[in-house]
>>> print(open('structure-v9.pdb').read())   # PDB, C-alpha atoms
ATOM      1  CA  MET A   1      24.199 -18.706  16.673
ATOM      2  CA  LYS A   2      22.144 -16.314  18.796
ATOM      3  CA  PRO A   3      18.592 -17.420  19.715
ATOM      4  CA  LEU A   4      16.129 -14.650  18.886
ATOM      5  CA  ASN A   5      13.143 -13.672  21.007
ATOM      6  CA  ILE A   6      11.028 -11.616  18.627
ATOM      7  CA  VAL A   7       8.287  -9.070  19.193
ATOM      8  CA  PHE A   8       6.295  -8.649  15.991
ATOM      9  CA  MET A   9       4.467  -5.389  15.242
ATOM     10  CA  GLY A  10       1.893  -5.051  12.460
ATOM     11  CA  THR A  11      -1.778  -4.562  11.671
ATOM     12  CA  PRO A  12      -3.132  -5.307   8.139
ATOM     13  CA  ASP A  13      -3.162  -8.366   5.862
ATOM     14  CA  PHE A  14       0.194  -7.292   4.405
ATOM     15  CA  ALA A  15       1.766  -7.978   7.822
ATOM     16  CA  VAL A  16       0.016 -11.317   8.398
ATOM     17  CA  SER A  17       1.980 -12.994   5.622
ATOM     18  CA  THR A  18       5.233 -12.128   7.414
ATOM     19  CA  LEU A  19       4.068 -13.172  10.873
ATOM     20  CA  LYS A  20       2.830 -16.440   9.386
ATOM     21  CA  ILE A  21       6.142 -17.296   7.708
ATOM     22  CA  LEU A  22       8.024 -16.557  10.956
ATOM     23  CA  VAL A  23       5.691 -18.823  12.945
ATOM     24  CA  GLU A  24       5.866 -21.601  10.352
ATOM     25  CA  ASN A  25       9.672 -21.472  10.456
ATOM     26  CA  ASN A  26       9.700 -21.894  14.227
ATOM     27  CA  CYS A  27      10.850 -18.382  15.100
ATOM     28  CA  ASN A  28      10.227 -17.586  18.743
ATOM     29  CA  ILE A  29       7.509 -14.904  18.722
ATOM     30  CA  VAL A  30       7.266 -13.744  22.344
ATOM     31  CA  GLY A  31       4.666 -11.065  21.647
ATOM     32  CA  VAL A  32       2.567  -9.413  18.941
ATOM     33  CA  ILE A  33       1.785  -5.691  19.007
ATOM     34  CA  THR A  34      -1.151  -4.565  16.882
ATOM     35  CA  ALA A  35      -3.785  -1.838  16.675
ATOM     36  CA  PRO A  36      -6.635  -1.690  19.206
ATOM     37  CA  ASP A  37      -9.975  -3.161  18.145
ATOM     38  CA  LYS A  38     -12.155  -0.580  16.394
ATOM     39  CA  PRO A  39     -15.958  -0.396  16.095
ATOM     40  CA  ALA A  40     -17.106  -0.904  12.506
ATOM     41  CA  GLY A  41     -20.331  -1.326  10.562
ATOM     42  CA  ARG A  42     -23.865  -0.371  11.483
ATOM     43  CA  GLY A  43     -23.821  -2.412  14.662
ATOM     44  CA  ARG A  44     -20.475  -0.829  15.678
ATOM     45  CA  LYS A  45     -19.160  -4.308  16.406
ATOM     46  CA  LEU A  46     -15.512  -4.314  17.447
ATOM     47  CA  ASN A  47     -13.317  -5.205  14.501
ATOM     48  CA  GLU A  48     -10.027  -7.007  15.168
ATOM     49  CA  SER A  49      -6.983  -6.361  12.988
ATOM     50  CA  ALA A  50      -5.896  -9.065  10.557
ATOM     51  CA  VAL A  51      -2.702  -9.539  12.578
ATOM     52  CA  LYS A  52      -4.665  -9.999  15.816
ATOM     53  CA  GLN A  53      -6.926 -12.593  14.213
ATOM     54  CA  TYR A  54      -3.925 -14.631  13.085
ATOM     55  CA  ALA A  55      -2.108 -14.174  16.410
ATOM     56  CA  VAL A  56      -5.176 -15.449  18.289
ATOM     57  CA  SER A  57      -5.294 -18.524  16.040
ATOM     58  CA  GLN A  58      -1.686 -19.262  16.994
ATOM     59  CA  ASP A  59      -2.182 -18.551  20.705
ATOM     60  CA  LEU A  60       0.423 -15.773  20.675
ATOM     61  CA  LYS A  61       0.742 -13.099  23.364
ATOM     62  CA  ILE A  62      -1.013  -9.935  22.101
ATOM     63  CA  LEU A  63      -0.666  -6.301  23.202
ATOM     64  CA  GLN A  64      -2.896  -3.543  21.776
ATOM     65  CA  PRO A  65      -1.706  -0.200  23.167
ATOM     66  CA  THR A  66      -3.427   3.057  22.289
ATOM     67  CA  ASN A  67      -0.367   4.989  23.458
ATOM     68  CA  LEU A  68       3.062   3.545  22.681
ATOM     69  CA  LYS A  69       4.636   5.708  25.415
ATOM     70  CA  ASP A  70       2.271   4.542  28.141
ATOM     71  CA  GLU A  71       4.270   3.268  31.137
ATOM     72  CA  ALA A  72       2.048   0.233  31.655
ATOM     73  CA  PHE A  73       2.536  -0.828  28.034
ATOM     74  CA  LEU A  74       6.303  -0.248  28.213
ATOM     75  CA  ASP A  75       6.496  -2.390  31.343
ATOM     76  CA  GLU A  76       4.606  -5.202  29.570
ATOM     77  CA  LEU A  77       6.898  -4.876  26.558
ATOM     78  CA  LYS A  78      10.039  -5.084  28.695
ATOM     79  CA  ALA A  79       8.664  -8.151  30.473
ATOM     80  CA  LEU A  80       8.582 -10.028  27.154
ATOM     81  CA  ASN A  81      12.433  -9.983  27.167
ATOM     82  CA  ALA A  82      12.679  -9.665  23.392
ATOM     83  CA  ASN A  83      16.070  -9.076  21.824
ATOM     84  CA  LEU A  84      14.613  -8.094  18.421
ATOM     85  CA  ASN A  85      11.565  -6.198  17.179
ATOM     86  CA  VAL A  86      10.227  -6.870  13.662
ATOM     87  CA  VAL A  87       7.869  -4.245  12.210
ATOM     88  CA  VAL A  88       5.621  -4.648   9.149
ATOM     89  CA  ALA A  89       2.913  -2.099   8.274
ATOM     90  CA  PHE A  90       2.599  -0.557  11.725
ATOM     91  CA  ARG A  91       2.714   3.006  13.002
ATOM     92  CA  MET A  92       5.688   5.204  13.823
ATOM     93  CA  LEU A  93       7.472   4.010  16.968
ATOM     94  CA  PRO A  94       8.916   6.190  19.727
ATOM     95  CA  LYS A  95      12.605   5.685  20.453
ATOM     96  CA  VAL A  96      11.843   4.079  23.810
ATOM     97  CA  VAL A  97      10.198   1.233  21.878
ATOM     98  CA  TRP A  98      12.484   0.748  18.877
ATOM     99  CA  ASP A  99      15.634   1.139  20.977
ATOM    100  CA  MET A 100      14.518  -1.330  23.664
ATOM    101  CA  PRO A 101      15.721  -4.717  22.322
ATOM    102  CA  GLU A 102      19.434  -5.553  22.308
ATOM    103  CA  LEU A 103      19.532  -6.157  18.535
ATOM    104  CA  GLY A 104      17.300  -3.224  17.696
ATOM    105  CA  THR A 105      14.190  -2.990  15.537
ATOM    106  CA  PHE A 106      13.999  -3.617  11.825
ATOM    107  CA  ASN A 107      11.197  -2.705   9.467
ATOM    108  CA  LEU A 108       9.983  -4.060   6.135
ATOM    109  CA  HIS A 109       9.221  -1.383   3.546
ATOM    110  CA  ALA A 110       7.563  -2.043   0.196
ATOM    111  CA  SER A 111      10.006  -0.142  -2.011
ATOM    112  CA  LEU A 112      13.624  -0.079  -3.066
ATOM    113  CA  LEU A 113      14.817   2.390  -0.474
ATOM    114  CA  PRO A 114      15.824   5.182  -0.355
ATOM    115  CA  ASN A 115      13.154   5.823  -3.017
ATOM    116  CA  TYR A 116       9.500   5.880  -2.039
ATOM    117  CA  ARG A 117       9.802   6.479   1.652
ATOM    118  CA  GLY A 118       6.402   7.184   3.120
ATOM    119  CA  ALA A 119       2.864   5.899   3.437
ATOM    120  CA  ALA A 120       1.992   4.640  -0.054
ATOM    121  CA  PRO A 121       5.066   3.207  -1.825
ATOM    122  CA  ILE A 122       3.177   0.595  -3.848
ATOM    123  CA  ASN A 123       0.737   3.125  -5.276
ATOM    124  CA  TRP A 124       3.308   5.769  -6.160
ATOM    125  CA  ALA A 125       5.668   3.338  -7.871
ATOM    126  CA  ILE A 126       2.883   2.531 -10.359
ATOM    127  CA  ILE A 127       1.557   6.108 -10.586
ATOM    128  CA  ASN A 128       5.053   7.284 -11.515
ATOM    129  CA  GLY A 129       5.389   4.603 -14.192
ATOM    130  CA  GLU A 130       8.176   2.581 -12.574
ATOM    131  CA  THR A 131       8.983  -0.744 -14.244
ATOM    132  CA  LYS A 132      10.555  -2.241 -11.117
ATOM    133  CA  THR A 133      10.206  -1.955  -7.372
ATOM    134  CA  GLY A 134      10.904  -4.241  -4.441
ATOM    135  CA  VAL A 135      11.125  -4.635  -0.687
ATOM    136  CA  SER A 136      13.737  -3.502   1.824
ATOM    137  CA  THR A 137      14.562  -4.343   5.421
ATOM    138  CA  PHE A 138      16.242  -1.645   7.487
ATOM    139  CA  PHE A 139      16.946  -0.739  11.104
ATOM    140  CA  ILE A 140      14.609   1.931  12.449
ATOM    141  CA  ASP A 141      16.093   5.241  13.588
ATOM    142  CA  GLU A 142      14.732   8.687  14.541
ATOM    143  CA  GLU A 143      13.421   9.567  11.065
ATOM    144  CA  ILE A 144      10.833   7.838   8.847
ATOM    145  CA  ASP A 145      12.214   5.064   6.583
ATOM    146  CA  THR A 146      15.779   6.426   6.712
ATOM    147  CA  GLY A 147      17.643   3.804   8.749
ATOM    148  CA  GLU A 148      20.532   1.671   7.556
ATOM    149  CA  MET A 149      19.428  -0.996   5.087
ATOM    150  CA  ILE A 150      19.960  -4.691   5.747
ATOM    151  CA  GLN A 151      18.670  -6.436   2.618
ATOM    152  CA  GLN A 152      16.645  -5.775  -0.550
ATOM    153  CA  GLU A 153      14.825  -7.815  -3.184
ATOM    154  CA  GLU A 154      13.773  -6.422  -6.570
ATOM    155  CA  ILE A 155      10.718  -7.285  -8.673
ATOM    156  CA  GLU A 156       9.335  -6.140 -12.034
ATOM    157  CA  ILE A 157       6.070  -4.224 -12.383
ATOM    158  CA  GLY A 158       3.844  -5.398 -15.228
ATOM    159  CA  ALA A 159       2.699  -2.816 -17.785
ATOM    160  CA  ASN A 160      -0.956  -3.308 -16.786
ATOM    161  CA  GLU A 161      -0.459  -4.404 -13.190
ATOM    162  CA  ASN A 162      -2.530  -2.546 -10.597
ATOM    163  CA  ALA A 163      -1.726  -1.660  -7.000
ATOM    164  CA  GLY A 164      -3.705  -4.592  -5.583
ATOM    165  CA  GLN A 165      -1.851  -7.117  -7.694
ATOM    166  CA  LEU A 166       1.533  -5.582  -6.877
ATOM    167  CA  HIS A 167       0.590  -5.444  -3.181
ATOM    168  CA  ASP A 168       0.081  -9.208  -3.125
ATOM    169  CA  LYS A 169       3.378  -9.907  -4.918
ATOM    170  CA  LEU A 170       5.306  -7.637  -2.547
ATOM    171  CA  MET A 171       3.517  -9.098   0.474
ATOM    172  CA  HIS A 172       4.915 -12.556  -0.300
ATOM    173  CA  LEU A 173       8.321 -11.285  -1.406
ATOM    174  CA  GLY A 174       8.539  -9.160   1.734
ATOM    175  CA  SER A 175       7.671 -11.995   4.078
ATOM    176  CA  GLU A 176      10.450 -14.098   2.556
ATOM    177  CA  LEU A 177      12.908 -11.201   2.914
ATOM    178  CA  VAL A 178      12.009 -10.715   6.586
ATOM    179  CA  LEU A 179      12.632 -14.412   7.263
ATOM    180  CA  LYS A 180      15.953 -14.179   5.413
ATOM    181  CA  THR A 181      16.898 -11.111   7.486
ATOM    182  CA  VAL A 182      15.988 -12.851  10.743
ATOM    183  CA  LYS A 183      18.118 -15.859   9.779
ATOM    184  CA  GLU A 184      21.075 -13.560   9.094
ATOM    185  CA  LEU A 185      20.651 -11.831  12.457
ATOM    186  CA  GLU A 186      20.658 -15.222  14.172
ATOM    187  CA  LYS A 187      24.189 -15.771  12.859
ATOM    188  CA  GLY A 188      25.485 -12.552  14.409
ATOM    189  CA  PRO A 189      25.970  -8.878  13.470
ATOM    190  CA  VAL A 190      24.900  -8.055   9.899
ATOM    191  CA  LYS A 191      26.484  -5.670   7.453
ATOM    192  CA  THR A 192      24.252  -2.674   6.796
ATOM    193  CA  THR A 193      24.235  -0.026   4.076
ATOM    194  CA  PRO A 194      23.524   3.652   4.809
ATOM    195  CA  GLN A 195      20.804   5.197   2.664
ATOM    196  CA  ILE A 196      22.249   7.748   0.264
ATOM    197  CA  GLU A 197      20.471  11.100   0.300
ATOM    198  CA  ASN A 198      20.056  13.111  -2.890
ATOM    199  CA  SER A 199      17.638  15.636  -4.376
ATOM    200  CA  ASN A 200      16.237  13.158  -6.914
ATOM    201  CA  LEU A 201      14.671  10.748  -4.422
ATOM    202  CA  LYS A 202      10.992   9.984  -5.038
ATOM    203  CA  THR A 203       8.535  10.143  -2.140
ATOM    204  CA  ALA A 204       5.484   7.992  -1.387
ATOM    205  CA  TYR A 205       3.179  10.754  -0.186
ATOM    206  CA  LYS A 206       0.059   9.920   1.793
ATOM    207  CA  LEU A 207      -2.871   9.519  -0.583
ATOM    208  CA  ASN A 208      -5.648  12.093  -0.360
ATOM    209  CA  ARG A 209      -8.588  13.375  -2.388
ATOM    210  CA  ASP A 210      -6.466  15.883  -4.298
ATOM    211  CA  ASN A 211      -3.684  13.550  -5.441
ATOM    212  CA  CYS A 212      -6.150  10.791  -6.371
ATOM    213  CA  LYS A 213      -8.048  13.007  -8.843
ATOM    214  CA  ILE A 214      -7.523  12.327 -12.543
ATOM    215  CA  ASP A 215      -6.153  15.177 -14.643
ATOM    216  CA  TRP A 216      -7.553  14.471 -18.104
ATOM    217  CA  SER A 217      -5.104  16.946 -19.674
ATOM    218  CA  ALA A 218      -2.160  14.761 -18.597
ATOM    219  CA  SER A 219      -0.547  12.311 -21.000
ATOM    220  CA  ILE A 220      -2.439   9.126 -21.816
ATOM    221  CA  THR A 221       0.264   7.076 -20.067
ATOM    222  CA  ASP A 222       0.143   9.186 -16.899
ATOM    223  CA  ILE A 223      -3.648   8.843 -16.715
ATOM    224  CA  HIS A 224      -3.477   5.073 -17.213
ATOM    225  CA  ASN A 225      -0.769   4.771 -14.546
ATOM    226  CA  LYS A 226      -2.820   6.792 -12.053
ATOM    227  CA  ILE A 227      -5.896   4.615 -12.561
ATOM    228  CA  ARG A 228      -4.017   1.336 -12.076
ATOM    229  CA  GLY A 229      -1.827   2.787  -9.317
ATOM    230  CA  LEU A 230      -4.908   3.580  -7.228
ATOM    231  CA  SER A 231      -6.869   0.393  -7.953
ATOM    232  CA  PRO A 232      -8.579  -1.168  -6.102
ATOM    233  CA  TYR A 233      -8.081   1.285  -3.249
ATOM    234  CA  PRO A 234      -8.645   4.170  -2.813
ATOM    235  CA  ALA A 235      -9.423   4.428  -6.585
ATOM    236  CA  ALA A 236      -8.796   7.297  -8.981
ATOM    237  CA  TRP A 237     -11.742   9.673  -9.262
ATOM    238  CA  CYS A 238     -13.029  12.568 -11.330
ATOM    239  CA  VAL A 239     -16.215  14.540 -11.940
ATOM    240  CA  LEU A 240     -18.636  13.288 -14.578
ATOM    241  CA  GLU A 241     -20.599  16.169 -16.095
ATOM    242  CA  ASN A 242     -23.623  14.593 -17.751
ATOM    243  CA  GLY A 243     -26.355  17.057 -18.670
ATOM    244  CA  GLU A 244     -27.534  18.652 -15.422
ATOM    245  CA  GLU A 245     -25.651  16.126 -13.298
ATOM    246  CA  ALA A 246     -22.163  16.553 -11.835
ATOM    247  CA  LEU A 247     -21.170  13.270 -10.220
ATOM    248  CA  ASP A 248     -18.007  12.136  -8.466
ATOM    249  CA  VAL A 249     -17.128   8.822 -10.113
ATOM    250  CA  LYS A 250     -14.354   6.314  -9.443
ATOM    251  CA  ILE A 251     -12.498   4.493 -12.191
ATOM    252  CA  TYR A 252     -10.946   1.128 -11.326
ATOM    253  CA  GLU A 253      -9.721  -0.219 -14.636
ATOM    254  CA  ALA A 254      -8.958   1.217 -18.070
ATOM    255  CA  THR A 255      -6.875   0.641 -21.178
ATOM    256  CA  MET A 256      -5.082   3.049 -23.492
ATOM    257  CA  GLU A 257      -5.894   3.539 -27.162
ATOM    258  CA  ASP A 258      -3.376   5.626 -29.092
ATOM    259  CA  GLU A 259      -5.241   7.431 -31.848
ATOM    260  CA  ALA A 260      -5.240  10.894 -33.370
ATOM    261  CA  HIS A 261      -8.565  12.734 -32.977
ATOM    262  CA  ASP A 262     -10.162  16.158 -32.802
ATOM    263  CA  PHE A 263     -12.438  15.584 -29.801
ATOM    264  CA  GLU A 264     -12.395  17.864 -26.761
ATOM    265  CA  ILE A 265     -10.158  16.604 -23.957
ATOM    266  CA  GLY A 266     -12.327  14.833 -21.388
ATOM    267  CA  SER A 267     -15.289  14.357 -23.704
ATOM    268  CA  ILE A 268     -16.992  10.967 -23.580
ATOM    269  CA  GLN A 269     -17.309   8.934 -26.754
ATOM    270  CA  ASN A 270     -19.474   5.963 -25.874
ATOM    271  CA  THR A 271     -21.075   3.094 -27.737
ATOM    272  CA  LYS A 272     -23.419   0.405 -26.453
ATOM    273  CA  LYS A 273     -20.449  -1.466 -25.004
ATOM    274  CA  GLU A 274     -17.642   1.068 -24.433
ATOM    275  CA  ILE A 275     -17.008   4.248 -22.485
ATOM    276  CA  LYS A 276     -14.087   6.152 -23.953
ATOM    277  CA  VAL A 277     -12.666   9.431 -22.696
ATOM    278  CA  ALA A 278     -10.790  11.616 -25.162
ATOM    279  CA  VAL A 279      -7.284  12.534 -24.039
ATOM    280  CA  GLU A 280      -4.243  13.914 -25.784
ATOM    281  CA  ASN A 281      -3.261  11.568 -28.650
ATOM    282  CA  GLY A 282      -5.851   8.931 -27.832
ATOM    283  CA  PHE A 283      -8.572   7.575 -25.600
ATOM    284  CA  ILE A 284      -8.858   6.066 -22.138
ATOM    285  CA  ASN A 285     -11.222   3.118 -22.536
ATOM    286  CA  ILE A 286     -12.894   2.605 -19.146
ATOM    287  CA  GLY A 287     -13.231  -1.020 -18.063
ATOM    288  CA  PHE A 288     -14.766  -0.612 -14.607
ATOM    289  CA  MET A 289     -16.389   2.471 -13.074
ATOM    290  CA  LYS A 290     -18.451   3.290  -9.987
ATOM    291  CA  LEU A 291     -21.222   5.885  -9.857
ATOM    292  CA  PRO A 292     -22.183   7.435  -6.473
ATOM    293  CA  GLY A 293     -24.300   5.034  -4.426
ATOM    294  CA  LYS A 294     -23.794   2.221  -6.934
ATOM    295  CA  ARG A 295     -21.471  -0.776  -7.060
ATOM    296  CA  ASN A 296     -18.344  -0.942  -9.175
ATOM    297  CA  MET A 297     -19.511  -2.094 -12.618
ATOM    298  CA  ALA A 298     -18.039  -3.183 -15.937
ATOM    299  CA  ALA A 299     -18.578  -0.494 -18.570
ATOM    300  CA  LYS A 300     -20.887  -2.648 -20.698
ATOM    301  CA  ASP A 301     -23.083  -3.420 -17.653
ATOM    302  CA  LEU A 302     -23.203   0.206 -16.578
ATOM    303  CA  LEU A 303     -24.323   1.219 -20.092
ATOM    304  CA  ASN A 304     -27.318  -1.101 -19.804
ATOM    305  CA  GLY A 305     -28.904   1.198 -17.239
ATOM    306  CA  TYR A 306     -27.161   4.564 -17.484
ATOM    307  CA  GLU A 307     -27.316   7.091 -20.308
ATOM    308  CA  PHE A 308     -24.489   9.410 -21.280
ATOM    309  CA  LYS A 309     -26.080  12.501 -22.785
ATOM    310  CA  THR A 310     -24.659  14.403 -25.756
ATOM    311  CA  GLY A 311     -21.789  16.564 -24.556
ATOM    312  CA  ALA A 312     -21.048  14.448 -21.476
ATOM    313  CA  LYS A 313     -17.478  14.836 -20.249
ATOM    314  CA  MET A 314     -15.048  14.017 -17.489
ATOM    315  CA  LEU A 315     -13.595  16.916 -15.528
TER     316      LEU A 315
END
>>> encode(input="structure-v9.pdb", output="structure tokens")
Amino acid sequence: MKPLNIVFMGTPDFAVSTLKILVENNCNIVGVITAPDKPAGRGRKLNESAVKQYAVSQDLKILQPTNLKDEAFLDELKALNANLNVVVAFRMLPKVVWDMPELGTFNLHASLLPNYRGAAPINWAIINGETKTGVSTFFIDEEIDTGEMIQQEEIEIGANENAGQLHDKLMHLGSELVLKTVKELEKGPVKTTPQIENSNLKTAYKLNRDNCKIDWSASITDIHNKIRGLSPYPAAWCVLENGEEALDVKIYEATMEDEAHDFEIGSIQNTKKEIKVAVENGFINIGFMKLPGKRNMAAKDLLNGYEFKTGAKML
């Protein structure tokens, strides 16, 4: 059995779960690489990454390079004498970094590769109406998320599950898979599986303003999937046209109501307790919505202080 000296690389909460399970299972973490502290808030106080905060609590060696090709950083990295790098939710690595340890560098990705390579696999799996997803470990190579796969675990996606809920499930499943992968590497060389390329692979594009906008002419299922696939962050949005106002609003939760009607697509049919948007073959019943400058509110609470005028609609 080969003793592993591990450098862990990660930044957000998603990565903390993995670092924590490695520490708790007595893996030898010789260093932690995470993002530099960033000023945040009105006071511009330096904000430490979630991974750094946990690493500090465990008295682990921490490096926070701004440039992963910087010679001083590379010298520090070499001095750690790691024989394996483990990457979870970090940035793209130059070859000089991922090729440095004897056993290479493996990454955890929150999808069933080769599908959903890219920046937002959890969101796009839900947006595209998938009923299952999972986590994969793979060795990093020159391209993004294309290296040979080591292990995978599959999980079902609930019909009303949102991206935040799925994130938390995959975070725990992924941390367990990373530990399992590390244990296999301790035993010796592992069998890997090349990723098969084909034209039908689905991509996890980076989320932006354009692809987060709701198209009210889409099918009722597609609209519902977009809302839950972008909740709680960054949230699906649209324009609310209400009398003279045109407001960018965010929708965080909604349900589908299949029902034949003759209302204009996008028109709002509200009562004292409900905000419904007419779509093809039914309605999207909004559960939580945020107006500009306001907090995210349940529909019934929002209706207590906001009036939808006759002819109001979502664009």
>>> closest_residue(input="structure-v9.pdb", among="A:Gln64, A:Leu291, A:Phe139, A:Ile21", to="Leu247 (chain A)", atoms="all atoms listed in the file")
A:Leu291
>>> closest_atom_pairs(input="structure-v9.pdb", of="region 177-278 of chain A", to="region 67-88 of chain A", cutoff="10 Å", atoms="only C-alpha atoms", output="Markdown table")
| residue | atom | partner | partner_atom | distance |
| --- | --- | --- | --- | --- |
| A:Val178 | CA | A:Val86 | CA | 8.2 |
| A:Val182 | CA | A:Val86 | CA | 8.8 |
| A:Leu185 | CA | A:Leu84 | CA | 9.3 |
>>> atom_distance(input="structure-v9.pdb", atom1="CA of Pro121 (chain A)", atom2="CA of Asn225 (chain A)")
14.1 Å
>>> resolve_selection(input="structure-v9.pdb", expression="the PyMOL selection byres ((chain A and resi 196) around 10)", output="PDB file with C-alpha atoms, in the coordinates of the input")
ATOM      1  CA  LEU A 113      14.817   2.390  -0.474  1.00  0.00           C
ATOM      2  CA  PRO A 114      15.824   5.182  -0.355  1.00  0.00           C
ATOM      3  CA  ASN A 115      13.154   5.823  -3.017  1.00  0.00           C
ATOM      4  CA  THR A 146      15.779   6.426   6.712  1.00  0.00           C
ATOM      5  CA  GLU A 148      20.532   1.671   7.556  1.00  0.00           C
ATOM      6  CA  THR A 193      24.235  -0.026   4.076  1.00  0.00           C
ATOM      7  CA  PRO A 194      23.524   3.652   4.809  1.00  0.00           C
ATOM      8  CA  GLN A 195      20.804   5.197   2.664  1.00  0.00           C
ATOM      9  CA  GLU A 197      20.471  11.100   0.300  1.00  0.00           C
ATOM     10  CA  ASN A 198      20.056  13.111  -2.890  1.00  0.00           C
ATOM     11  CA  LEU A 201      14.671  10.748  -4.422  1.00  0.00           C
TER      12      LEU A 201
END
>>> closest_residue(input="structure-v9.pdb", among="A:Cys238, A:Ala260, A:Met92, A:Val7", to="Glu142 (chain A)", atoms="all atoms listed in the file")
A:Met92
>>> atom_distance(input="structure-v9.pdb", atom1="CA of Lys132 (chain A)", atom2="CA of Asp222 (chain A)")
16.5 Å
>>> atom_distance(input="structure-v9.pdb", atom1="CA of Pro101 (chain A)", atom2="CA of Lys20 (chain A)")
21.7 Å
>>> closest_residue(input="structure-v9.pdb", among="A:Val16, A:Val277, A:Ala298, A:Ile140", to="Trp98 (chain A)", atoms="only C-alpha atoms")
A:Ile140
>>> closest_residue(input="structure-v9.pdb", among="A:Ser231, A:Cys212, A:Asn200, A:Glu102", to="Asn160 (chain A)", atoms="all atoms listed in the file")
A:Ser231
>>> resolve_selection(input="structure-v9.pdb", expression="the PyMOL selection byres ((chain A and resi 128) around 10)", output="PyMOL selection string")
chain A and resi 123-127+129-131+202+221-222+225-226+229
>>> decode(input="structure-v9.pdb", residues="region 105-121 of chain A", atoms="N, CA and C atoms", output="CSV table (one decimal), in the first residue's frame")
chain,number,residue,atom,x,y,z
A,105,THR,N,-3.1,14.2,-10.9
A,105,THR,CA,-4.1,15.1,-10.2
A,105,THR,C,-5.5,14.6,-10.7
A,106,PHE,N,-6.3,14.3,-9.7
A,106,PHE,CA,-7.7,14.0,-10.1
A,106,PHE,C,-8.7,15.0,-9.5
A,107,ASN,N,-9.8,15.1,-10.3
A,107,ASN,CA,-10.8,16.1,-10.0
A,107,ASN,C,-12.1,15.5,-9.7
A,108,LEU,N,-12.9,16.1,-8.9
A,108,LEU,CA,-14.3,15.7,-8.7
A,108,LEU,C,-15.2,16.6,-9.5
A,109,HIS,N,-16.1,16.0,-10.3
A,109,HIS,CA,-17.0,16.8,-11.2
A,109,HIS,C,-18.4,16.4,-10.8
A,110,ALA,N,-19.3,17.4,-10.7
A,110,ALA,CA,-20.7,17.1,-10.3
A,110,ALA,C,-21.6,16.7,-11.5
A,111,SER,N,-21.2,15.7,-12.2
A,111,SER,CA,-22.1,15.2,-13.3
A,111,SER,C,-21.6,13.8,-13.6
A,112,LEU,N,-22.4,13.1,-14.4
A,112,LEU,CA,-22.0,11.8,-15.0
A,112,LEU,C,-21.3,12.1,-16.3
A,113,LEU,N,-20.0,12.3,-16.2
A,113,LEU,CA,-19.2,12.5,-17.4
A,113,LEU,C,-19.3,11.4,-18.3
A,114,PRO,N,-19.2,11.6,-19.6
A,114,PRO,CA,-18.8,12.9,-20.3
A,114,PRO,C,-19.9,14.0,-20.4
A,115,ASN,N,-21.1,13.7,-20.0
A,115,ASN,CA,-22.1,14.7,-20.1
A,115,ASN,C,-21.9,15.8,-19.0
A,116,TYR,N,-22.3,17.0,-19.4
A,116,TYR,CA,-22.3,18.2,-18.5
A,116,TYR,C,-20.9,18.6,-18.1
A,117,ARG,N,-20.0,18.5,-19.0
A,117,ARG,CA,-18.7,19.2,-18.7
A,117,ARG,C,-18.9,20.7,-18.7
A,118,GLY,N,-18.2,21.4,-17.8
A,118,GLY,CA,-18.3,22.8,-17.8
A,118,GLY,C,-18.6,23.3,-16.4
A,119,ALA,N,-19.0,24.6,-16.4
A,119,ALA,CA,-19.0,25.4,-15.1
A,119,ALA,C,-20.2,25.1,-14.3
A,120,ALA,N,-21.4,24.7,-14.9
A,120,ALA,CA,-22.6,24.7,-14.1
A,120,ALA,C,-23.4,23.4,-14.3
A,121,PRO,N,-22.7,22.2,-14.0
A,121,PRO,CA,-23.4,20.9,-14.3
A,121,PRO,C,-24.6,20.7,-13.5
